[in-house]
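Here the structure comes first, spelled out in structure tokens, and everything after it is commentary.
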Amino acid sequence: MNEFQKHVEEIEGSLSEEEEIYKENILDHYKYPHNKIEMKGATVSHKEVNPTCGDELTIYLKIDDNKIQDVSFIGQGCAISQASVSMLTDEIKDKSIQEIKTMKSEDVYKLLGIPISVTRIKCALLSLKTAQGAIKNYEQTRSY
Amino acid sequence: MNEQDFPILKQKINGKRLVYLDNAATSQSPSIVIDAISEYYKTSHSNVHRSIHSLSQKATEAYEEARKNVANFIHADVDEIVFTKGTTESINLIAHGLQLQKVDEIVLTIMEHHANIVPWQEVAKRVGAVIKYIPLKKDYRLDMDAAKRLITKKTKVVSVTHMSNVLGTVNPVKELAELAHAVGAVFVVDAAQSVPHMKVDVKELDCDFLAFSGHKMCGPTGVGVLYGKKELLDYLEPFVYGGKMIKEVSLEQSTWAEAPYKFEGGTPNISGVIGLGKAINYLENIGMKTIEKHEKELLEYALQKIKTMKNVTIIGPEASKDRGAIISFTIEGMHSHDVSELLNREGVAIRGGHHCCMPLMKELGIPGCSRASFYLYNTKEDVDAFVEALQKAMKVFKI
């Protein structure tokens, strides 16, 4: 078998259940996202853009006693990025800012429960990047 | 048409026949282009214009032969052809080289690719020049009345795309050239999307500069062209300084080689240039008129099918007149990333996102869109496969 045939072999074949990224719950979060509303009187907010596709995301946090009392977001994106932020905002409610700061990519992948290919990493992680950006803003304003 | 000439199209993607519809981003190369590049590395790989030995002589001849091919292809003279790494570099070269002064105005259009916005913004920032944008009409065509108002005696440069990489709209560049020249402005054409798909004659258009890329016209990546009228190339300052672009160098100062060589500092992309020369041979053998006619048929066939699809909105003129074979669209309730992902499962390659046209997206009030773009090797079967994959994708999202 030559290199070309091998390559063909590798990329052939259809998707298995484990490989499917458009699972029912992902599509549910995309169509009916949780916490998608502009927040009045937020302690801090932060906006990030995914430069490859132009998607924008703003996350609002209400912080009291170093804990997330309330969280919401606005913005648009693909099913993966919208499901990700919908799930993440559910997840970080009541968490301490320390807990959010130490969250890793893997934590988001675990929430999503689907395989994230290299082309969708930015979609999946925009939510965490924005949330951690908001925390950073919060800490910066407090240190002054 | 001629799809058997393209080895890459013979492969399967996810078990399905590859249907390649991302030609506005990068087109595929026929065997004769791939072979010419390989042949260069096997028989004449060396530097050009420097050494006396046989390999260098062969490389130089092949390199300059490609320059002749390009010149004939767009009806220019040989010394009016500068090799660059692509359209983006070509436009940067002009923007830098013109040495614009304070209070100069630059006129662009709202449908430009970032490659024809950002270089001008940078120059404008440095010298305090003002940029004005010709707006769109509702039918996705340029507002020529506004163009007449915006192009004034203050205008020093008018730079427009020949064909929009999003809308497919072909702009009236000849008319714009007249408006620009009537006020003494330099007229630049971004021809990245037009030169691969239609006969472009720089003398007939009467443009001062024209830029395009090899990889969108069956050639390799990393090579492009800047055409410039001889007297303007002589006036233009070099963009990249160093070896090969000089006449004489002393410790204190240097003088420049003649155009086009003063713009080709450093060792150029020799294999890329040779590949581009072959790609032009290939296109000419088929004939640009034949390619244009074939694409028009595909466009009409595809537009007809997509127009009838519920929840799909075409972003671009719906009539096929003065329009290239690029179809951008949005689907209600579905992001363009997800459309691309699901189409890829069916072996259909399209692009999603803002297509390096963020100002246009903002103007249209959309975050991005999907885009299918066709070329000479695409067929009606490709259109059918594309439409079928689109219907299947919408089913996944329950649309």
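Scheme for the structure tokens: letters A, B, ... for chains in order shown; per-chain residue numbers from 1; ligand numbers from 1 in order shown.
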Within 6 Å of chain A: residues of chain B, using only C-alpha atoms, as a compact mmCIF listing (two decimals) with C-alpha atoms, in the first residue's frame:
```txt
# COMPACT_ATOMS: atom_id res chain seq x y z
CA ASN B 14 -15.04 10.52 4.87
CA GLY B 15 -15.74 7.77 2.39
CA HIS B 335 -23.96 28.91 11.98
CA HIS B 337 -19.06 26.69 10.96
CA GLY B 353 -16.88 32.68 8.36
CA HIS B 354 -16.25 36.32 7.48
```
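Look at B:Ala389: the protein and nucleic acid residues within 12 Å of it, using only C-alpha atoms and passing over chain neighbours fewer than 3 places away, are Lys16, Val19, Val339, Ser340, Glu341, Leu342, Leu343, Asn344, Arg345, Glu346, Gly347, Val348, Ala349, Ile350, Asp382, Val383, Asp384, Ala385, Phe386, Lys392, Ala393, Met394, Lys395 and Val396 of chain B.
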*When DSSP works through the backbone of this structure, what residues of stretch 170-204 of chain B end up as helix (DSSP H, G or I), shown as a ChimeraX atom specification?*
/B:173-182,202-204
N, CA and C atoms of the current selection, written as a PDB file, in the first residue's frame:
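Resulting contents of again00.pdb:
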```pdb
ATOM      1  N   VAL B 173     -15.038  47.959 -13.502  1.00  0.00           N
ATOM      2  CA  VAL B 173     -13.710  48.547 -13.271  1.00  0.00           C
ATOM      3  C   VAL B 173     -13.311  49.528 -14.363  1.00  0.00           C
ATOM      4  N   LYS B 174     -13.803  49.284 -15.574  1.00  0.00           N
ATOM      5  CA  LYS B 174     -13.434  50.199 -16.669  1.00  0.00           C
ATOM      6  C   LYS B 174     -13.986  51.597 -16.385  1.00  0.00           C
ATOM      7  N   GLU B 175     -15.226  51.614 -15.936  1.00  0.00           N
ATOM      8  CA  GLU B 175     -15.885  52.887 -15.621  1.00  0.00           C
ATOM      9  C   GLU B 175     -15.182  53.568 -14.431  1.00  0.00           C
ATOM     10  N   LEU B 176     -14.802  52.750 -13.433  1.00  0.00           N
ATOM     11  CA  LEU B 176     -14.113  53.289 -12.256  1.00  0.00           C
ATOM     12  C   LEU B 176     -12.729  53.825 -12.633  1.00  0.00           C
ATOM     13  N   ALA B 177     -12.083  53.143 -13.597  1.00  0.00           N
ATOM     14  CA  ALA B 177     -10.775  53.618 -14.068  1.00  0.00           C
ATOM     15  C   ALA B 177     -10.916  55.008 -14.687  1.00  0.00           C
ATOM     16  N   GLU B 178     -11.990  55.190 -15.457  1.00  0.00           N
ATOM     17  CA  GLU B 178     -12.221  56.501 -16.080  1.00  0.00           C
ATOM     18  C   GLU B 178     -12.435  57.576 -15.019  1.00  0.00           C
ATOM     19  N   LEU B 179     -13.244  57.232 -14.001  1.00  0.00           N
ATOM     20  CA  LEU B 179     -13.505  58.212 -12.926  1.00  0.00           C
ATOM     21  C   LEU B 179     -12.207  58.568 -12.208  1.00  0.00           C
ATOM     22  N   ALA B 180     -11.394  57.550 -11.944  1.00  0.00           N
ATOM     23  CA  ALA B 180     -10.131  57.779 -11.222  1.00  0.00           C
ATOM     24  C   ALA B 180      -9.192  58.638 -12.061  1.00  0.00           C
ATOM     25  N   HIS B 181      -9.056  58.282 -13.319  1.00  0.00           N
ATOM     26  CA  HIS B 181      -8.108  59.005 -14.170  1.00  0.00           C
ATOM     27  C   HIS B 181      -8.559  60.437 -14.465  1.00  0.00           C
ATOM     28  N   ALA B 182      -9.874  60.651 -14.464  1.00  0.00           N
ATOM     29  CA  ALA B 182     -10.391  62.007 -14.716  1.00  0.00           C
ATOM     30  C   ALA B 182      -9.939  62.978 -13.631  1.00  0.00           C
ATOM     31  N   VAL B 202      -5.234  44.175 -19.280  1.00  0.00           N
ATOM     32  CA  VAL B 202      -4.917  45.401 -18.518  1.00  0.00           C
ATOM     33  C   VAL B 202      -4.958  46.647 -19.398  1.00  0.00           C
ATOM     34  N   LYS B 203      -4.703  46.465 -20.687  1.00  0.00           N
ATOM     35  CA  LYS B 203      -4.742  47.623 -21.596  1.00  0.00           C
ATOM     36  C   LYS B 203      -6.186  48.072 -21.789  1.00  0.00           C
ATOM     37  N   GLU B 204      -7.069  47.070 -21.912  1.00  0.00           N
ATOM     38  CA  GLU B 204      -8.474  47.404 -22.118  1.00  0.00           C
ATOM     39  C   GLU B 204      -9.076  48.036 -20.854  1.00  0.00           C
TER      40      GLU B 204
END
```
*Using only C-alpha atoms, determine which residues lie at most 8 Å from B:Asp322, disregarding the query and same-chain residues fewer than 6 positions distant; provide the list as a PyMOL selection string.*
chain B and resi 169-171
_stretch 126-131 of chain A environment, 8 Å, only C-alpha atoms, sequence neighbours closer than 3 positions dropped, as a ChimeraX atom specification_ = /A:46-50,57-59,81,84-85,88,100,103,105,108,122-123,134-135
*Please identify which residues in stretch 240-326 of chain B DSSP calls strand (DSSP E or B) from the backbone, and express them as a list in words.*
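Taking stretch 240-326 of chain B and keeping strand (DSSP E or B) only, one gets Ile246, Lys247, Glu248, Val249, Ser254, Thr255, Trp256, Val312, Thr313, Ile314, Arg323 and Ile326 of chain B.
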File of the preceding selection, C-alpha atoms, as a PDB file, in the first residue's frame:
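As written to disk, again-v3.pdb reads:
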```
ATOM      1  CA  ILE B 246      20.133  46.676  -6.388  1.00  0.00           C
ATOM      2  CA  LYS B 247      22.235  48.241  -9.118  1.00  0.00           C
ATOM      3  CA  GLU B 248      25.176  49.262  -6.947  1.00  0.00           C
ATOM      4  CA  VAL B 249      25.881  49.103  -3.223  1.00  0.00           C
ATOM      5  CA  SER B 254      22.724  52.023  -2.777  1.00  0.00           C
ATOM      6  CA  THR B 255      20.934  52.443  -6.075  1.00  0.00           C
ATOM      7  CA  TRP B 256      18.138  50.259  -7.414  1.00  0.00           C
ATOM      8  CA  VAL B 312     -31.489  29.644   2.771  1.00  0.00           C
ATOM      9  CA  THR B 313     -30.669  33.249   1.849  1.00  0.00           C
ATOM     10  CA  ILE B 314     -28.252  34.022  -0.968  1.00  0.00           C
ATOM     11  CA  ARG B 323     -21.293  37.930 -11.529  1.00  0.00           C
ATOM     12  CA  ILE B 326     -19.248  32.322  -6.020  1.00  0.00           C
TER      13      ILE B 326
END
```
*Near B:Val225, within 6 Å and counting only C-alpha atoms, which residues show up once chain neighbours fewer than 3 positions away are dropped, as a list in words?*
Val82, Phe83, Thr84, Ala211 and Phe212 of chain B
Using the selection just defined, write its residues with N, CA and C atoms as a PDB file, in the first residue's frame.
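As a result, selection12.pdb now contains:
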```pdb
ATOM      1  N   VAL B  82       5.767  42.036 -11.920  1.00  0.00           N
ATOM      2  CA  VAL B  82       6.578  41.813 -10.722  1.00  0.00           C
ATOM      3  C   VAL B  82       6.058  40.554 -10.035  1.00  0.00           C
ATOM      4  N   PHE B  83       6.951  39.653  -9.662  1.00  0.00           N
ATOM      5  CA  PHE B  83       6.520  38.488  -8.893  1.00  0.00           C
ATOM      6  C   PHE B  83       6.569  38.811  -7.399  1.00  0.00           C
ATOM      7  N   THR B  84       5.486  38.485  -6.721  1.00  0.00           N
ATOM      8  CA  THR B  84       5.378  38.710  -5.274  1.00  0.00           C
ATOM      9  C   THR B  84       4.959  37.383  -4.654  1.00  0.00           C
ATOM     10  N   ALA B 211      -3.389  43.272  -9.236  1.00  0.00           N
ATOM     11  CA  ALA B 211      -2.746  42.272  -8.373  1.00  0.00           C
ATOM     12  C   ALA B 211      -3.530  40.974  -8.382  1.00  0.00           C
ATOM     13  N   PHE B 212      -2.813  39.851  -8.429  1.00  0.00           N
ATOM     14  CA  PHE B 212      -3.489  38.554  -8.286  1.00  0.00           C
ATOM     15  C   PHE B 212      -2.542  37.485  -7.748  1.00  0.00           C
TER      16      PHE B 212
END
```
